[in-house]
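As stored in work.pdb (PDB, C-alpha atoms and all ligand atoms):
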MODEL        1
ATOM      1  CA  MET A  25       0.000   0.000   0.000  1.00  0.00           C
ATOM      2  CA  ASP A  26       2.799   2.415   0.829  1.00  0.00           C
ATOM      3  CA  ILE A  27       4.311   1.700  -2.602  1.00  0.00           C
ATOM      4  CA  VAL A  28       1.120   3.027  -4.221  1.00  0.00           C
ATOM      5  CA  LEU A  29       1.413   6.176  -2.140  1.00  0.00           C
ATOM      6  CA  VAL A  30       5.079   6.609  -3.128  1.00  0.00           C
ATOM      7  CA  ALA A  31       4.138   6.112  -6.800  1.00  0.00           C
ATOM      8  CA  LEU A  32       1.451   8.818  -6.458  1.00  0.00           C
ATOM      9  CA  VAL A  33       3.991  11.194  -4.925  1.00  0.00           C
ATOM     10  CA  GLY A  34       6.260  10.274  -7.855  1.00  0.00           C
ATOM     11  CA  LEU A  35       3.511  11.240 -10.337  1.00  0.00           C
ATOM     12  CA  LEU A  36       3.062  14.599  -8.605  1.00  0.00           C
ATOM     13  CA  LEU A  37       6.818  15.214  -8.533  1.00  0.00           C
ATOM     14  CA  GLY A  38       7.022  14.228 -12.217  1.00  0.00           C
ATOM     15  CA  ALA A  39       4.306  16.783 -13.046  1.00  0.00           C
ATOM     16  CA  LEU A  40       6.235  19.434 -11.128  1.00  0.00           C
ATOM     17  CA  LEU A  41       9.473  18.571 -12.959  1.00  0.00           C
ATOM     18  CA  ASN A  42       7.642  18.722 -16.320  1.00  0.00           C
ATOM     19  CA  LEU A  43       6.322  22.146 -15.382  1.00  0.00           C
ATOM     20  CA  VAL A  44       9.913  23.332 -14.935  1.00  0.00           C
ATOM     21  CA  ILE A  45      11.101  21.512 -18.083  1.00  0.00           C
ATOM     22  CA  ILE A  46       8.331  23.048 -20.232  1.00  0.00           C
ATOM     23  CA  ARG A  47       8.204  26.535 -18.824  1.00  0.00           C
ATOM     24  CA  LEU A  48      11.709  27.497 -17.708  1.00  0.00           C
ATOM     25  CA  PRO A  49      13.280  27.604 -21.195  1.00  0.00           C
ATOM     26  CA  ARG A  50      10.172  28.981 -22.965  1.00  0.00           C
ATOM     27  CA  GLU A  51       8.591  31.458 -20.575  1.00  0.00           C
ATOM     28  CA  ARG A  52      11.141  31.973 -17.832  1.00  0.00           C
ATOM     29  CA  GLY A  53       8.246  32.037 -15.367  1.00  0.00           C
ATOM     30  CA  PHE A  54       5.640  29.794 -13.833  1.00  0.00           C
ATOM     31  CA  GLY A  55       2.529  31.980 -13.636  1.00  0.00           C
ATOM     32  CA  GLY A  56      -0.809  31.282 -15.337  1.00  0.00           C
ATOM     33  CA  TRP A  57      -2.697  28.148 -16.300  1.00  0.00           C
ATOM     34  CA  PRO A  58      -0.770  25.638 -18.499  1.00  0.00           C
ATOM     35  CA  ARG A  59      -1.170  26.048 -22.252  1.00  0.00           C
ATOM     36  CA  CYS A  60      -0.576  23.681 -25.166  1.00  0.00           C
ATOM     37  CA  THR A  61       3.147  23.631 -26.028  1.00  0.00           C
ATOM     38  CA  ARG A  62       2.151  23.494 -29.731  1.00  0.00           C
ATOM     39  CA  CYS A  63      -0.686  25.960 -30.279  1.00  0.00           C
ATOM     40  CA  GLY A  64      -0.870  27.893 -27.008  1.00  0.00           C
ATOM     41  CA  GLN A  65      -4.496  27.003 -26.160  1.00  0.00           C
ATOM     42  CA  ARG A  66      -5.501  26.628 -22.535  1.00  0.00           C
ATOM     43  CA  LEU A  67      -5.413  22.965 -21.522  1.00  0.00           C
ATOM     44  CA  ALA A  68      -8.159  21.048 -19.740  1.00  0.00           C
ATOM     45  CA  TRP A  69      -7.256  19.642 -16.330  1.00  0.00           C
ATOM     46  CA  TRP A  70      -7.129  16.061 -17.593  1.00  0.00           C
ATOM     47  CA  GLN A  71      -4.687  17.029 -20.365  1.00  0.00           C
ATOM     48  CA  ILE A  72      -2.095  18.053 -17.803  1.00  0.00           C
ATOM     49  CA  ALA A  73      -2.599  14.973 -15.626  1.00  0.00           C
ATOM     50  CA  PRO A  74       0.838  13.360 -15.352  1.00  0.00           C
ATOM     51  CA  LEU A  75       1.321  10.348 -17.638  1.00  0.00           C
ATOM     52  CA  PHE A  76      -2.439   9.847 -18.161  1.00  0.00           C
ATOM     53  CA  GLY A  77      -2.892  13.154 -19.957  1.00  0.00           C
ATOM     54  CA  TRP A  78      -0.470  12.070 -22.665  1.00  0.00           C
ATOM     55  CA  LEU A  79      -1.972   8.557 -22.837  1.00  0.00           C
ATOM     56  CA  ALA A  80      -5.563   9.830 -22.952  1.00  0.00           C
ATOM     57  CA  GLN A  81      -4.690  12.085 -25.888  1.00  0.00           C
ATOM     58  CA  GLY A  82      -2.847   9.253 -27.661  1.00  0.00           C
ATOM     59  CA  GLY A  83       0.339  11.327 -27.861  1.00  0.00           C
ATOM     60  CA  ARG A  84      -1.359  14.085 -29.882  1.00  0.00           C
ATOM     61  CA  ALA A  85      -2.625  17.404 -28.577  1.00  0.00           C
ATOM     62  CA  ARG A  86      -6.444  17.313 -28.452  1.00  0.00           C
ATOM     63  CA  CYS A  87      -6.663  21.026 -29.323  1.00  0.00           C
ATOM     64  CA  CYS A  88      -4.563  21.137 -32.499  1.00  0.00           C
ATOM     65  CA  GLY A  89      -3.802  17.478 -33.302  1.00  0.00           C
ATOM     66  CA  ARG A  90      -0.058  18.004 -33.300  1.00  0.00           C
ATOM     67  CA  ARG A  91       2.284  15.401 -31.884  1.00  0.00           C
ATOM     68  CA  LEU A  92       3.208  15.799 -28.219  1.00  0.00           C
ATOM     69  CA  ASP A  93       6.771  15.148 -27.176  1.00  0.00           C
ATOM     70  CA  VAL A  94       7.142  11.674 -25.688  1.00  0.00           C
ATOM     71  CA  LEU A  95       9.708  13.226 -23.333  1.00  0.00           C
ATOM     72  CA  TYR A  96       6.997  14.446 -20.926  1.00  0.00           C
ATOM     73  CA  PRO A  97       5.366  11.082 -20.103  1.00  0.00           C
ATOM     74  CA  LEU A  98       8.884   9.648 -20.030  1.00  0.00           C
ATOM     75  CA  VAL A  99       9.841  12.180 -17.336  1.00  0.00           C
ATOM     76  CA  ASP A 100       6.730  11.156 -15.348  1.00  0.00           C
ATOM     77  CA  LEU A 101       7.597   7.485 -15.692  1.00  0.00           C
ATOM     78  CA  VAL A 102      11.287   7.895 -14.793  1.00  0.00           C
ATOM     79  CA  THR A 103      10.370   9.990 -11.748  1.00  0.00           C
ATOM     80  CA  VAL A 104       7.875   7.395 -10.479  1.00  0.00           C
ATOM     81  CA  VAL A 105      10.269   4.469 -11.026  1.00  0.00           C
ATOM     82  CA  THR A 106      13.161   6.368  -9.395  1.00  0.00           C
ATOM     83  CA  LEU A 107      11.119   7.280  -6.336  1.00  0.00           C
ATOM     84  CA  VAL A 108       9.753   3.742  -5.883  1.00  0.00           C
ATOM     85  CA  LEU A 109      13.232   2.179  -6.220  1.00  0.00           C
ATOM     86  CA  LEU A 110      14.735   4.687  -3.766  1.00  0.00           C
ATOM     87  CA  TYR A 111      11.924   4.013  -1.303  1.00  0.00           C
ATOM     88  CA  LEU A 112      12.402   0.239  -1.580  1.00  0.00           C
ATOM     89  CA  GLN A 113      16.100   0.677  -0.723  1.00  0.00           C
ATOM     90  CA  HIS A 114      16.096   3.381   1.924  1.00  0.00           C
ATOM     91  CA  ARG A 115      12.432   3.537   3.045  1.00  0.00           C
ATOM     92  CA  LEU A 116      11.335   6.908   4.379  1.00  0.00           C
ATOM     93  CA  SER A 117      14.701   8.393   5.335  1.00  0.00           C
ATOM     94  CA  ILE A 118      17.016  11.331   4.752  1.00  0.00           C
ATOM     95  CA  SER A 119      18.770   9.113   2.196  1.00  0.00           C
ATOM     96  CA  THR A 120      15.591   8.850   0.130  1.00  0.00           C
ATOM     97  CA  VAL A 121      14.822  12.569   0.345  1.00  0.00           C
ATOM     98  CA  TYR A 122      18.403  13.511  -0.561  1.00  0.00           C
ATOM     99  CA  SER A 123      18.591  11.053  -3.463  1.00  0.00           C
ATOM    100  CA  ALA A 124      15.165  12.177  -4.739  1.00  0.00           C
ATOM    101  CA  ALA A 125      16.330  15.808  -4.735  1.00  0.00           C
ATOM    102  CA  VAL A 126      19.503  14.866  -6.636  1.00  0.00           C
ATOM    103  CA  ALA A 127      17.406  12.794  -9.061  1.00  0.00           C
ATOM    104  CA  ALA A 128      15.050  15.760  -9.617  1.00  0.00           C
ATOM    105  CA  VAL A 129      17.975  18.008 -10.612  1.00  0.00           C
ATOM    106  CA  LEU A 130      19.336  15.296 -12.941  1.00  0.00           C
ATOM    107  CA  ILE A 131      15.952  14.676 -14.615  1.00  0.00           C
ATOM    108  CA  VAL A 132      15.220  18.386 -15.204  1.00  0.00           C
ATOM    109  CA  THR A 133      18.766  19.119 -16.425  1.00  0.00           C
ATOM    110  CA  GLY A 134      18.833  16.064 -18.691  1.00  0.00           C
ATOM    111  CA  ALA A 135      15.423  16.806 -20.217  1.00  0.00           C
ATOM    112  CA  ILE A 136      16.117  20.506 -20.896  1.00  0.00           C
ATOM    113  CA  ASP A 137      19.524  19.660 -22.397  1.00  0.00           C
ATOM    114  CA  TRP A 138      17.843  17.067 -24.646  1.00  0.00           C
ATOM    115  CA  GLN A 139      15.249  19.547 -25.920  1.00  0.00           C
ATOM    116  CA  HIS A 140      17.257  22.751 -26.065  1.00  0.00           C
ATOM    117  CA  ARG A 141      20.936  21.759 -25.831  1.00  0.00           C
ATOM    118  CA  LEU A 142      21.115  24.025 -22.859  1.00  0.00           C
ATOM    119  CA  ILE A 143      22.381  23.606 -19.307  1.00  0.00           C
ATOM    120  CA  TYR A 144      21.688  26.570 -17.055  1.00  0.00           C
ATOM    121  CA  THR A 145      24.758  27.995 -15.332  1.00  0.00           C
ATOM    122  CA  LEU A 146      23.315  29.519 -12.160  1.00  0.00           C
ATOM    123  CA  PRO A 147      20.789  26.792 -11.222  1.00  0.00           C
ATOM    124  CA  THR A 148      23.395  24.065 -11.839  1.00  0.00           C
ATOM    125  CA  LEU A 149      26.075  25.833  -9.792  1.00  0.00           C
ATOM    126  CA  GLY A 150      23.445  26.616  -7.132  1.00  0.00           C
ATOM    127  CA  ALA A 151      22.515  22.928  -6.934  1.00  0.00           C
ATOM    128  CA  THR A 152      26.221  22.088  -6.672  1.00  0.00           C
ATOM    129  CA  LEU A 153      26.631  24.472  -3.749  1.00  0.00           C
ATOM    130  CA  GLY A 154      23.465  23.058  -2.149  1.00  0.00           C
ATOM    131  CA  ALA A 155      24.812  19.494  -2.441  1.00  0.00           C
ATOM    132  CA  VAL A 156      28.114  20.536  -0.817  1.00  0.00           C
ATOM    133  CA  VAL A 157      26.288  22.202   2.086  1.00  0.00           C
ATOM    134  CA  VAL A 158      23.976  19.216   2.622  1.00  0.00           C
ATOM    135  CA  ALA A 159      26.924  16.789   2.369  1.00  0.00           C
ATOM    136  CA  PHE A 160      28.310  18.462   5.471  1.00  0.00           C
ATOM    137  CA  GLY A 161      25.230  17.616   7.505  1.00  0.00           C
ATOM    138  CA  VAL A 162      24.101  14.125   6.481  1.00  0.00           C
ATOM    139  CA  PRO A 163      25.578  10.858   7.794  1.00  0.00           C
ATOM    140  CA  PHE A 164      25.920   9.079   4.429  1.00  0.00           C
ATOM    141  CA  HIS A 165      27.955  11.829   2.718  1.00  0.00           C
ATOM    142  CA  SER A 166      30.821  14.102   3.741  1.00  0.00           C
ATOM    143  CA  LEU A 167      32.024  17.612   2.974  1.00  0.00           C
ATOM    144  CA  LEU A 168      35.451  16.297   1.938  1.00  0.00           C
ATOM    145  CA  ASN A 169      33.965  13.696  -0.423  1.00  0.00           C
ATOM    146  CA  ALA A 170      31.678  16.310  -2.019  1.00  0.00           C
ATOM    147  CA  LEU A 171      34.427  18.929  -2.464  1.00  0.00           C
ATOM    148  CA  ALA A 172      36.857  16.321  -3.837  1.00  0.00           C
ATOM    149  CA  GLY A 173      34.096  15.256  -6.280  1.00  0.00           C
ATOM    150  CA  VAL A 174      33.580  18.858  -7.434  1.00  0.00           C
ATOM    151  CA  PHE A 175      37.296  19.415  -8.047  1.00  0.00           C
ATOM    152  CA  ALA A 176      37.942  16.058  -9.736  1.00  0.00           C
ATOM    153  CA  ALA A 177      34.924  16.440 -12.064  1.00  0.00           C
ATOM    154  CA  GLY A 178      35.743  20.115 -12.663  1.00  0.00           C
ATOM    155  CA  ILE A 179      39.333  19.417 -13.723  1.00  0.00           C
ATOM    156  CA  LEU A 180      38.394  16.383 -15.851  1.00  0.00           C
ATOM    157  CA  PHE A 181      35.571  18.222 -17.632  1.00  0.00           C
ATOM    158  CA  VAL A 182      37.552  21.418 -18.226  1.00  0.00           C
ATOM    159  CA  ILE A 183      40.109  19.214 -20.012  1.00  0.00           C
ATOM    160  CA  PHE A 184      37.277  17.666 -22.093  1.00  0.00           C
ATOM    161  CA  TYR A 185      35.937  21.135 -22.807  1.00  0.00           C
ATOM    162  CA  LEU A 186      39.309  22.471 -24.009  1.00  0.00           C
ATOM    163  CA  LEU A 187      39.883  19.332 -26.103  1.00  0.00           C
ATOM    164  CA  ALA A 188      36.446  19.664 -27.720  1.00  0.00           C
ATOM    165  CA  ARG A 189      37.116  23.308 -28.580  1.00  0.00           C
ATOM    166  CA  ALA A 190      40.505  22.445 -30.057  1.00  0.00           C
ATOM    167  CA  LEU A 191      39.142  19.520 -32.091  1.00  0.00           C
ATOM    168  CA  PHE A 192      35.962  21.194 -33.354  1.00  0.00           C
ATOM    169  CA  PRO A 193      36.840  24.884 -33.706  1.00  0.00           C
ATOM    170  CA  ALA A 194      34.381  25.491 -36.538  1.00  0.00           C
ATOM    171  CA  HIS A 195      31.405  23.568 -35.166  1.00  0.00           C
ATOM    172  CA  ARG A 196      29.305  24.295 -32.187  1.00  0.00           C
ATOM    173  CA  ALA A 197      31.359  22.540 -29.561  1.00  0.00           C
ATOM    174  CA  PRO A 198      29.897  19.101 -28.750  1.00  0.00           C
ATOM    175  CA  PHE A 199      30.922  19.615 -25.147  1.00  0.00           C
ATOM    176  CA  GLY A 200      30.107  22.938 -23.538  1.00  0.00           C
ATOM    177  CA  LEU A 201      30.721  24.777 -20.311  1.00  0.00           C
ATOM    178  CA  GLY A 202      27.287  23.621 -19.142  1.00  0.00           C
ATOM    179  CA  ASP A 203      28.582  20.053 -19.198  1.00  0.00           C
ATOM    180  CA  VAL A 204      31.458  21.162 -16.947  1.00  0.00           C
ATOM    181  CA  TYR A 205      28.983  22.604 -14.409  1.00  0.00           C
ATOM    182  CA  LEU A 206      26.853  19.472 -14.643  1.00  0.00           C
ATOM    183  CA  GLY A 207      29.918  17.301 -13.982  1.00  0.00           C
ATOM    184  CA  MET A 208      30.694  19.402 -10.909  1.00  0.00           C
ATOM    185  CA  PHE A 209      27.120  18.916  -9.641  1.00  0.00           C
ATOM    186  CA  ILE A 210      27.387  15.145 -10.082  1.00  0.00           C
ATOM    187  CA  GLY A 211      30.753  15.240  -8.262  1.00  0.00           C
ATOM    188  CA  ALA A 212      29.253  17.174  -5.353  1.00  0.00           C
ATOM    189  CA  ALA A 213      26.032  15.181  -5.134  1.00  0.00           C
ATOM    190  CA  LEU A 214      27.569  11.703  -5.356  1.00  0.00           C
ATOM    191  CA  GLY A 215      31.038  12.434  -3.998  1.00  0.00           C
ATOM    192  CA  LEU A 216      34.462  11.516  -5.352  1.00  0.00           C
ATOM    193  CA  THR A 217      33.991   7.883  -4.244  1.00  0.00           C
ATOM    194  CA  ASN A 218      31.044   7.449  -6.644  1.00  0.00           C
ATOM    195  CA  LEU A 219      32.101   9.851  -9.395  1.00  0.00           C
ATOM    196  CA  ALA A 220      34.013   7.390 -11.603  1.00  0.00           C
ATOM    197  CA  GLY A 221      31.139   4.902 -11.640  1.00  0.00           C
ATOM    198  CA  ALA A 222      28.464   7.524 -12.269  1.00  0.00           C
ATOM    199  CA  LEU A 223      30.395   9.148 -15.135  1.00  0.00           C
ATOM    200  CA  LEU A 224      31.282   5.774 -16.639  1.00  0.00           C
ATOM    201  CA  TYR A 225      27.586   4.801 -16.903  1.00  0.00           C
ATOM    202  CA  GLY A 226      26.836   8.090 -18.663  1.00  0.00           C
ATOM    203  CA  MET A 227      29.781   7.871 -21.051  1.00  0.00           C
ATOM    204  CA  LEU A 228      28.944   4.276 -21.991  1.00  0.00           C
ATOM    205  CA  LEU A 229      25.319   5.275 -22.694  1.00  0.00           C
ATOM    206  CA  ALA A 230      26.425   8.285 -24.763  1.00  0.00           C
ATOM    207  CA  GLY A 231      28.872   6.096 -26.682  1.00  0.00           C
ATOM    208  CA  ALA A 232      26.235   3.442 -27.378  1.00  0.00           C
ATOM    209  CA  PHE A 233      23.745   6.090 -28.521  1.00  0.00           C
ATOM    210  CA  ALA A 234      26.304   7.831 -30.772  1.00  0.00           C
ATOM    211  CA  ALA A 235      27.307   4.487 -32.293  1.00  0.00           C
ATOM    212  CA  SER A 236      23.685   3.578 -33.024  1.00  0.00           C
ATOM    213  CA  LEU A 237      23.177   6.967 -34.716  1.00  0.00           C
ATOM    214  CA  VAL A 238      26.179   6.289 -36.970  1.00  0.00           C
ATOM    215  CA  LEU A 239      24.817   2.823 -37.833  1.00  0.00           C
ATOM    216  CA  LEU A 240      21.373   4.298 -38.502  1.00  0.00           C
ATOM    217  CA  ARG A 241      22.834   6.847 -40.919  1.00  0.00           C
ATOM    218  CA  ARG A 242      25.099   4.384 -42.689  1.00  0.00           C
ATOM    219  CA  PHE A 243      22.941   1.292 -43.023  1.00  0.00           C
ATOM    220  CA  ALA A 244      19.339   2.401 -42.748  1.00  0.00           C
ATOM    221  CA  GLY A 245      19.913   5.645 -44.655  1.00  0.00           C
ATOM    222  CA  ARG A 246      17.881   7.381 -42.006  1.00  0.00           C
ATOM    223  CA  ASP A 247      18.232  11.040 -41.267  1.00  0.00           C
ATOM    224  CA  ALA A 248      19.804  10.932 -37.823  1.00  0.00           C
ATOM    225  CA  PRO A 249      20.831  13.985 -35.802  1.00  0.00           C
ATOM    226  CA  GLN A 250      24.448  15.076 -36.171  1.00  0.00           C
ATOM    227  CA  TYR A 251      25.004  15.657 -32.500  1.00  0.00           C
ATOM    228  CA  ILE A 252      24.027  14.171 -29.181  1.00  0.00           C
ATOM    229  CA  SER A 253      23.158  16.026 -25.998  1.00  0.00           C
ATOM    230  CA  TYR A 254      26.042  14.789 -23.926  1.00  0.00           C
ATOM    231  CA  GLY A 255      24.659  16.260 -20.687  1.00  0.00           C
ATOM    232  CA  THR A 256      21.479  14.199 -21.012  1.00  0.00           C
ATOM    233  CA  PHE A 257      23.510  10.995 -20.952  1.00  0.00           C
ATOM    234  CA  LEU A 258      25.599  12.164 -18.004  1.00  0.00           C
ATOM    235  CA  CYS A 259      22.318  12.772 -16.148  1.00  0.00           C
ATOM    236  CA  ILE A 260      20.849   9.374 -17.061  1.00  0.00           C
ATOM    237  CA  GLY A 261      24.123   7.630 -16.111  1.00  0.00           C
ATOM    238  CA  ALA A 262      24.330   9.371 -12.739  1.00  0.00           C
ATOM    239  CA  LEU A 263      20.632   8.641 -12.105  1.00  0.00           C
ATOM    240  CA  ILE A 264      21.038   4.928 -12.859  1.00  0.00           C
ATOM    241  CA  TYR A 265      24.132   4.774 -10.652  1.00  0.00           C
ATOM    242  CA  LEU A 266      22.309   6.569  -7.820  1.00  0.00           C
ATOM    243  CA  VAL A 267      19.322   4.210  -7.986  1.00  0.00           C
ATOM    244  CA  ILE A 268      21.462   1.048  -8.139  1.00  0.00           C
ATOM    245  CA  TRP A 269      24.251   1.886  -5.694  1.00  0.00           C
ATOM    246  CA  GLY A 270      23.128   4.905  -3.701  1.00  0.00           C
ATOM    247  CA  LEU A 271      26.010   6.833  -2.145  1.00  0.00           C
ATOM    248  CA  ALA A 272      27.797   3.646  -1.132  1.00  0.00           C
ATOM    249  CA  GLY A 273      28.963   2.493  -4.538  1.00  0.00           C
ATOM    250  CA  PRO A 274      31.137  -0.578  -5.125  1.00  0.00           C
ATOM    251  CA  SER A 275      34.507   1.208  -4.812  1.00  0.00           C
ATOM    252  CA  PRO A 276      36.304   4.363  -5.958  1.00  0.00           C
ATOM    253  CA  LEU A 277      37.618   2.381  -8.905  1.00  0.00           C
ATOM    254  CA  LEU A 278      34.159   1.395 -10.184  1.00  0.00           C
TER     255      LEU A 278
HETATM  256 ZN    ZN B 301      -2.555  22.504 -29.168  1.00  0.00          ZN
ENDMDL
END
Show me this structure written as structure tokens.
Ligand SMILES: [Zn+2]
Amino acid sequence: MDIVLVALVGLLLGALLNLVIIRLPRERGFGGWPRCTRCGQRLAWWQIAPLFGWLAQGGRARCCGRRLDVLYPLVDLVTVVTLVLLYLQHRLSISTVYSAAVAAVLIVTGAIDWQHRLIYTLPTLGATLGAVVVAFGVPFHSLLNALAGVFAAGILFVIFYLLARALFPAHRAPFGLGDVYLGMFIGAALGLTNLAGALLYGMLLAGAFAASLVLLRRFAGRDAPQYISYGTFLCIGALIYLVIWGLAGPSPLL
């Protein structure tokens, strides 16, 4: 019975995260009743119901018939699954609340980067600072571990960033400063002891996705995107790591 309750809280949290994902990049504010992302019409209450709104409309906006991004129900689903898995591991504890907050930042950041290729500087650095402060006060994390994670990820990602700029001077860099800030957040939130594992999951996912895009272009002749949102994969990797291992991962070396 408590699982059902946790899943319901997950649906509500997912709706809240979608609100941020939809409105922050487009309107930079959260006032007013939700409108269709396609045609701007006011939505009925059941259209904004998490997960079920998308299902009830069959993936197309009822007002204008245009396709709705599958990202939104996916965010709902990922949030529910994450919350249920965290609850099963840590029950109702500071661990669960902390991990859910970290997961929320990862889901919002990953989704916005996927849609807009954009990682916000101030919110990401603010979340990093928040994670460092909280690390000081909770039993399962430590200030030293969080700070070491920030510095290790910061140095590693600045190197990536400089390499990307040197290798792709003419293109829009495939690896931006936003990815550096995101790496620092993951370092702070999970700590140095979990950083290698969390980043490895994300890099493997990004590599697998990039490889499948190349195959799609070459063998299926399909029009595949030329770039991938690297930050999205870092977020998914860190989220998977967090749900599987929590903050007590296997070892610093994986
Ligand atoms: Zn519409």
| message | Give me the residues near region 54-59 of chain A as a VMD selection string, where near means some atom within 12 Å (using all atoms listed in the file) and where sequence neighbours in that chain fewer than 3 positions away do not count. | response | chain A and resid 39 to 51 62 to 73 85 to 88
| said: Starting from the PyMOL selection byres (((chain A and resi 120) around 12) and not hetatm), expand the selection into actual residues of this file and give them as a PyMOL selection string. | reply: chain A and resi 30+106-119+121-128+162+164+266-267+270-271
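Atom to atom, CA of Thr152 (chain A) and CA of Met227 (chain A) stand 20.5 Å apart.
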| On this structure, which residues satisfy the PyMOL selection byres (((chain A and resi 170) around 8) and not hetatm), written as number ranges by chain? | A: 155-156, 159, 165-169, 171-174, 211-216
| message | Using all atoms listed in the file for the distances, tell me which of A:Leu95, A:Leu35, A:Cys259, A:Leu153 is nearest to Leu206 (chain A). | response | A:Cys259
So for region 132-143 of chain A, what box centre and size do we get, axis-aligned, 3 Å extra on each of the six sides, every listed atom, Å to one decimal, as JSON?
{"center_x": 18.8, "center_y": 20.0, "center_z": -20.6, "size_x": 13.2, "size_y": 14.0, "size_z": 16.9}
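Near region 139-149 of chain A, within a cut-off of 7 Å and counting all atoms listed in the file, sit the residues Thr133, Gly202, Tyr205, Leu206, Phe209 and Ser253 of chain A, with same-chain residues fewer than 6 positions away left out.
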| query | CA of Val238 (chain A) to CA of Asp93 (chain A): how many Å, to one decimal? | reply | 23.5 Å
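When CA of Ala230 (chain A) is paired with CA of Met208 (chain A), their separation reads 18.3 Å.
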| request: Considering all atoms listed in the file, state which residue in the set A:Pro97, A:Gly231, A:Gly89, A:Gly255 is at the smallest distance from Ile210 (chain A). | output: A:Gly255
| field | Answer key for the PyMOL selection byres (((chain A and resi 262) around 8) and not hetatm), residues as a PyMOL selection string | value | chain A and resi 130+210+222-223+225-226+258-261+263-266
| message | Under the rule that only C-alpha atoms are counted, which of A:Phe243, A:Tyr251, A:Phe181, A:Trp78 is the nearest residue to Leu201 (chain A)? | response | A:Phe181
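Each of A:Leu79, A:Leu32, A:Leu92, A:Ala176 was compared to ligand ZN 301 (chain B) using all atoms listed in the file, and A:Leu92 turns out to be the nearest.
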| request: Rank nothing, just name the residue among A:Ala234, A:Leu219, A:Leu191, A:Cys60 nearest to ligand ZN 301 (chain B), using only C-alpha atoms and all ligand atoms. | output: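 That would be A:Cys60, the residue with the smallest distance to ligand ZN 301 (chain B).
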